[in-house]
Structure formats: structure tokens, C-alpha cells
$ cat my_file.cif   # mmCIF, C-alpha atoms
data_model
#
loop_
_atom_site.label_atom_id
_atom_site.label_comp_id
_atom_site.auth_asym_id
_atom_site.auth_seq_id
_atom_site.Cartn_x
_atom_site.Cartn_y
_atom_site.Cartn_z
CA MET A 1 0.00 0.00 0.00
CA GLU A 2 1.28 3.46 -0.89
CA ASN A 3 2.24 5.58 2.10
CA ASN A 4 1.04 9.13 2.70
CA THR A 5 4.34 10.74 1.73
CA ASN A 6 4.27 8.99 -1.64
CA THR A 7 0.68 10.12 -2.19
CA HIS A 8 1.59 13.66 -1.18
CA ALA A 9 4.58 13.87 -3.52
CA GLY A 10 2.70 12.10 -6.31
CA GLN A 11 -0.15 14.59 -6.16
CA LEU A 12 2.29 17.50 -6.21
CA HIS A 13 4.09 16.00 -9.21
CA ASP A 14 0.74 15.60 -10.99
CA LEU A 15 -0.20 19.21 -10.25
CA ILE A 16 3.14 20.42 -11.58
CA GLN A 17 2.62 18.52 -14.83
CA ILE A 18 -0.96 19.80 -15.11
CA LEU A 19 0.27 23.37 -14.61
CA THR A 20 2.95 22.83 -17.27
CA GLU A 21 0.26 21.81 -19.74
CA ARG A 22 -1.97 24.67 -18.59
CA LEU A 23 0.84 27.07 -19.54
CA GLN A 24 1.03 25.48 -22.98
CA ILE A 25 -2.74 25.80 -23.47
CA TYR A 26 -2.69 29.46 -22.45
CA SER A 27 0.20 30.11 -24.80
CA ALA A 28 -1.71 28.48 -27.66
CA ALA A 29 -4.84 30.45 -26.73
CA ILE A 30 -2.90 33.72 -26.85
CA SER A 31 -1.56 32.84 -30.29
CA CYS A 32 -5.15 32.21 -31.47
CA ALA A 33 -6.44 35.54 -30.19
CA ASP A 34 -6.61 38.60 -32.43
CA ALA A 35 -3.82 40.91 -31.21
CA ASP A 36 -5.70 43.98 -32.44
CA LYS A 37 -9.17 43.17 -31.10
CA ASP A 38 -8.51 40.99 -28.04
CA ILE A 39 -5.99 43.08 -26.11
CA SER A 40 -7.83 42.65 -22.79
CA LEU A 41 -8.24 38.89 -23.35
CA ILE A 42 -4.54 38.49 -24.14
CA ALA A 43 -3.59 40.53 -21.04
CA PHE A 44 -5.86 38.36 -18.88
CA LEU A 45 -4.44 35.12 -20.30
CA GLU A 46 -0.88 36.40 -19.77
CA LYS A 47 -1.77 37.19 -16.16
CA CYS A 48 -3.12 33.65 -15.77
CA MET A 49 0.14 32.32 -17.22
CA GLN A 50 2.16 34.33 -14.68
CA LEU A 51 0.02 33.07 -11.79
CA THR A 52 0.36 29.50 -13.08
CA GLN A 53 4.15 29.79 -13.31
CA GLN A 54 4.30 31.24 -9.79
CA PHE A 55 2.21 28.40 -8.36
CA LYS A 56 4.26 25.82 -10.26
CA SER A 57 7.42 27.31 -8.74
CA GLU A 58 5.88 27.14 -5.25
CA LEU A 59 5.01 23.46 -5.75
CA ASN A 60 8.52 22.72 -7.00
CA GLY A 61 9.82 24.43 -3.86
CA ILE A 62 7.69 22.19 -1.66
CA LEU A 63 8.90 19.08 -3.47
CA ALA A 64 12.51 20.21 -3.13
CA LYS A 65 12.04 20.32 0.66
CA GLU A 66 10.61 16.80 0.80
CA ASP A 67 12.82 14.33 2.61
CA SER A 68 11.13 11.40 0.91
CA PRO A 69 13.17 9.54 -1.71
CA PHE A 70 9.90 9.39 -3.69
CA ALA A 71 10.04 13.17 -4.14
CA LYS A 72 13.33 12.80 -5.99
CA GLN A 73 12.17 10.02 -8.33
CA GLN A 74 11.18 10.61 -11.91
CA TRP A 75 7.52 11.59 -12.19
CA VAL A 76 5.03 8.86 -13.06
CA SER A 77 1.51 10.07 -13.73
CA GLY A 78 -1.05 9.49 -11.02
CA SER A 79 -4.79 9.73 -10.66
CA LEU A 80 -4.93 13.55 -10.71
CA TYR A 81 -3.04 13.70 -13.98
CA ALA A 82 -5.10 10.86 -15.44
CA ARG A 83 -8.27 12.80 -14.70
CA TRP A 84 -6.77 15.92 -16.25
CA ARG A 85 -5.85 14.06 -19.44
CA GLU A 86 -9.33 12.53 -19.71
CA GLU A 87 -11.18 15.79 -19.30
CA ARG A 88 -9.03 18.54 -20.74
CA SER A 89 -9.79 19.60 -24.25
CA SER A 90 -7.25 20.03 -26.96
CA LEU A 91 -6.85 23.58 -28.11
CA LYS A 92 -7.91 24.08 -31.70
CA PRO A 93 -9.95 27.25 -31.42
CA ILE A 94 -10.61 29.73 -34.15
CA GLY A 95 -11.56 33.06 -32.71
CA ARG A 96 -12.29 34.57 -29.35
CA HIS A 97 -15.36 32.55 -28.42
CA GLN A 98 -13.65 29.19 -28.99
CA VAL A 99 -10.58 30.36 -27.02
CA MET A 100 -12.86 31.26 -24.14
CA GLU A 101 -14.68 27.90 -24.33
CA VAL A 102 -11.41 25.96 -24.18
CA CYS A 103 -10.10 28.07 -21.30
CA GLU A 104 -13.39 27.74 -19.41
CA LYS A 105 -13.34 23.94 -19.74
CA MET A 106 -9.69 23.76 -18.72
CA GLU A 107 -10.28 25.90 -15.64
CA SER A 108 -13.37 23.91 -14.72
CA VAL A 109 -11.38 20.66 -14.81
CA LEU A 110 -8.57 22.18 -12.76
CA LEU A 111 -11.03 23.61 -10.24
CA HIS A 112 -12.57 20.16 -9.74
CA ILE A 113 -9.11 18.66 -9.28
CA PHE A 114 -8.36 21.19 -6.53
CA GLN A 115 -11.72 20.50 -4.89
CA ASN A 116 -11.02 16.74 -4.92
CA ILE A 117 -7.56 17.20 -3.42
CA LEU A 118 -8.92 19.36 -0.63
CA ALA A 119 -11.94 17.14 0.08
CA ALA A 120 -9.92 13.94 0.46
CA PRO A 121 -7.96 13.16 3.61
CA SER A 122 -4.32 13.93 2.93
CA SER A 123 -0.87 14.03 4.39
CA PHE A 124 -0.21 17.61 3.28
CA THR A 125 1.28 19.92 5.85
CA GLN A 126 -0.90 22.75 7.08
CA SER A 127 1.04 25.31 5.03
CA THR A 128 0.71 23.21 1.86
CA THR A 129 -3.00 22.73 2.51
CA GLU A 130 -3.44 26.48 2.98
CA MET A 131 -1.54 27.14 -0.25
CA LEU A 132 -3.76 24.66 -2.10
CA LYS A 133 -6.88 26.29 -0.63
CA SER A 134 -5.64 29.68 -1.75
CA GLN A 135 -5.02 28.32 -5.24
CA ALA A 136 -8.48 26.75 -5.31
CA MET A 137 -10.01 30.15 -4.50
CA LEU A 138 -7.93 31.74 -7.24
CA GLN A 139 -9.05 28.97 -9.63
CA GLN A 140 -12.66 29.79 -8.81
CA GLU A 141 -12.03 33.49 -9.55
CA ILE A 142 -10.28 32.74 -12.84
CA PHE A 143 -13.05 30.35 -13.85
CA GLU A 144 -15.73 32.96 -13.10
CA GLN A 145 -13.84 35.67 -15.01
CA ILE A 146 -13.43 33.45 -18.05
CA LYS A 147 -17.09 32.40 -17.89
CA ASP A 148 -18.18 36.05 -17.68
CA ALA A 149 -15.90 37.08 -20.55
CA LYS A 150 -17.22 34.20 -22.67
CA ASN A 151 -20.82 35.21 -22.00
CA ARG A 152 -20.03 38.80 -23.03
CA SER A 153 -18.44 37.76 -26.32
#

$ encode --input "my_file.cif" --output "C-alpha cells"
Amino acid sequence: MENNTNTHAGQLHDLIQILTERLQIYSAAISCADADKDISLIAFLEKCMQLTQQFKSELNGILAKEDSPFAKQQWVSGSLYARWREERSSLKPIGRHQVMEVCEKMESVLLHIFQNILAAPSSFTQSTTEMLKSQAMLQQEIFEQIKDAKNRS
């Protein structure tokens, strides 16, 4: 049976990989947006990219502090990443509305992943749990902003 430290590190590794792919999706979304007409959308997506990179760096910092040998092993996808891969959409939008749909779906999936992590009993330290809760609240805000922007388009 997998111990709590392995679960903890595995979930953090999964989140880091998910955030890496989130950055790629945002980058692709920005390249699909019209630079002349979608200035505010591009600025928002760039802000989301910055927040994602910051959170990814924080998670890498937590893993670097882990004493567990598991934290130093090569990443093998776990259940969080498997769920992400099943539910995330590929980015092939044409135009603002499709970009917003893809981003809304991506953020919805990520929000549910955070909710599942926080709802399940875990071995996370209190500071890691608080960081994850903070990120979940930020995810909710980003999701709502994207949903509102999509409805306005």
C-alpha cells in the first residue's frame, strides 16, 4: 500500500505537470487571439500564465524540501493527472469565443481537481493545505472571469 508521503509527492508532481500543460494551453490560446481586437483577453491570459508559473514554482519548492526519496524520483503520472488528461480539451480554437470555451473547460477541470484534493484526507502539511486552498479560491475566480468574458463575447 502506498504511504502518505508517496501520495503527497505524487499529487504535487501531478499538479506540476498539469500546470505545465496549462501554460502550454494558455500560450496556444494567446496565439489564437486577435492581437488587435482581443488586447484585454490576451492581457488576462498572460496574467493567468504568470500566476500559473508562480504556483508551479511554489510546488517545485515544496517538493525540493521533501525528505522522501519518492520526491526525488522521476515523475510517473497518477490519478490527478489521469483525470486531467481525460477531461481537458485540446486547443484548436478559431476566434475569441472558442478560445474562451477551451479556457473555461480547462479551468473547470482544474477547479474540480483542486476540490477533490482538498476534500480527500491527505498528508499535506498545514502550510501546503493552505496554499492549495488559496489556489483553489484563485481557480474559482479565474473560472468565473473566463465564464463572464465568454458570455459577453

$ resolve_selection --input "my_file.cif" --expression "the PyMOL selection byres ((chain A and resi 23-40) around 12)" --output "VMD selection string"
chain A and resid 16 to 22 41 to 56 88 to 107 146 149 153

$ write_last_selection --input "my_file.cif" --atoms "C-alpha atoms" --output "PDB file, in the frame of the given file"
ATOM      1  CA  ILE A  16       3.140  20.420 -11.580  1.00  0.00           C
ATOM      2  CA  GLN A  17       2.620  18.520 -14.830  1.00  0.00           C
ATOM      3  CA  ILE A  18      -0.960  19.800 -15.110  1.00  0.00           C
ATOM      4  CA  LEU A  19       0.270  23.370 -14.610  1.00  0.00           C
ATOM      5  CA  THR A  20       2.950  22.830 -17.270  1.00  0.00           C
ATOM      6  CA  GLU A  21       0.260  21.810 -19.740  1.00  0.00           C
ATOM      7  CA  ARG A  22      -1.970  24.670 -18.590  1.00  0.00           C
ATOM      8  CA  LEU A  41      -8.240  38.890 -23.350  1.00  0.00           C
ATOM      9  CA  ILE A  42      -4.540  38.490 -24.140  1.00  0.00           C
ATOM     10  CA  ALA A  43      -3.590  40.530 -21.040  1.00  0.00           C
ATOM     11  CA  PHE A  44      -5.860  38.360 -18.880  1.00  0.00           C
ATOM     12  CA  LEU A  45      -4.440  35.120 -20.300  1.00  0.00           C
ATOM     13  CA  GLU A  46      -0.880  36.400 -19.770  1.00  0.00           C
ATOM     14  CA  LYS A  47      -1.770  37.190 -16.160  1.00  0.00           C
ATOM     15  CA  CYS A  48      -3.120  33.650 -15.770  1.00  0.00           C
ATOM     16  CA  MET A  49       0.140  32.320 -17.220  1.00  0.00           C
ATOM     17  CA  GLN A  50       2.160  34.330 -14.680  1.00  0.00           C
ATOM     18  CA  LEU A  51       0.020  33.070 -11.790  1.00  0.00           C
ATOM     19  CA  THR A  52       0.360  29.500 -13.080  1.00  0.00           C
ATOM     20  CA  GLN A  53       4.150  29.790 -13.310  1.00  0.00           C
ATOM     21  CA  GLN A  54       4.300  31.240  -9.790  1.00  0.00           C
ATOM     22  CA  PHE A  55       2.210  28.400  -8.360  1.00  0.00           C
ATOM     23  CA  LYS A  56       4.260  25.820 -10.260  1.00  0.00           C
ATOM     24  CA  ARG A  88      -9.030  18.540 -20.740  1.00  0.00           C
ATOM     25  CA  SER A  89      -9.790  19.600 -24.250  1.00  0.00           C
ATOM     26  CA  SER A  90      -7.250  20.030 -26.960  1.00  0.00           C
ATOM     27  CA  LEU A  91      -6.850  23.580 -28.110  1.00  0.00           C
ATOM     28  CA  LYS A  92      -7.910  24.080 -31.700  1.00  0.00           C
ATOM     29  CA  PRO A  93      -9.950  27.250 -31.420  1.00  0.00           C
ATOM     30  CA  ILE A  94     -10.610  29.730 -34.150  1.00  0.00           C
ATOM     31  CA  GLY A  95     -11.560  33.060 -32.710  1.00  0.00           C
ATOM     32  CA  ARG A  96     -12.290  34.570 -29.350  1.00  0.00           C
ATOM     33  CA  HIS A  97     -15.360  32.550 -28.420  1.00  0.00           C
ATOM     34  CA  GLN A  98     -13.650  29.190 -28.990  1.00  0.00           C
ATOM     35  CA  VAL A  99     -10.580  30.360 -27.020  1.00  0.00           C
ATOM     36  CA  MET A 100     -12.860  31.260 -24.140  1.00  0.00           C
ATOM     37  CA  GLU A 101     -14.680  27.900 -24.330  1.00  0.00           C
ATOM     38  CA  VAL A 102     -11.410  25.960 -24.180  1.00  0.00           C
ATOM     39  CA  CYS A 103     -10.100  28.070 -21.300  1.00  0.00           C
ATOM     40  CA  GLU A 104     -13.390  27.740 -19.410  1.00  0.00           C
ATOM     41  CA  LYS A 105     -13.340  23.940 -19.740  1.00  0.00           C
ATOM     42  CA  MET A 106      -9.690  23.760 -18.720  1.00  0.00           C
ATOM     43  CA  GLU A 107     -10.280  25.900 -15.640  1.00  0.00           C
ATOM     44  CA  ILE A 146     -13.430  33.450 -18.050  1.00  0.00           C
ATOM     45  CA  ALA A 149     -15.900  37.080 -20.550  1.00  0.00           C
ATOM     46  CA  SER A 153     -18.440  37.760 -26.320  1.00  0.00           C
TER      47      SER A 153
END

$ atom_distance --input "my_file.cif" --atom1 "CA of Gln139 (chain A)" --atom2 "CA of Leu111 (chain A)"
5.7 Å

$ atom_distance --input "my_file.cif" --atom1 "CA of Lys133 (chain A)" --atom2 "CA of Ala82 (chain A)"
21.5 Å

$ resolve_selection --input "my_file.cif" --expression "the PyMOL selection byres ((chain A and resi 116) around 12)" --output "PyMOL selection string"
chain A and resi 11+79-80+83+109-115+117-122+132-133+136

$ atom_distance --input "my_file.cif" --atom1 "CA of Leu12 (chain A)" --atom2 "CA of Gln126 (chain A)"
14.6 Å

$ residues_around --input "my_file.cif" --residues "Met131 (chain A)" --least-positions-apart "6" --cutoff "10 Å" --atoms "all atoms listed in the file" --output "list in words"
Phe55, Glu58, Leu59, Thr125 and Met137 of chain A
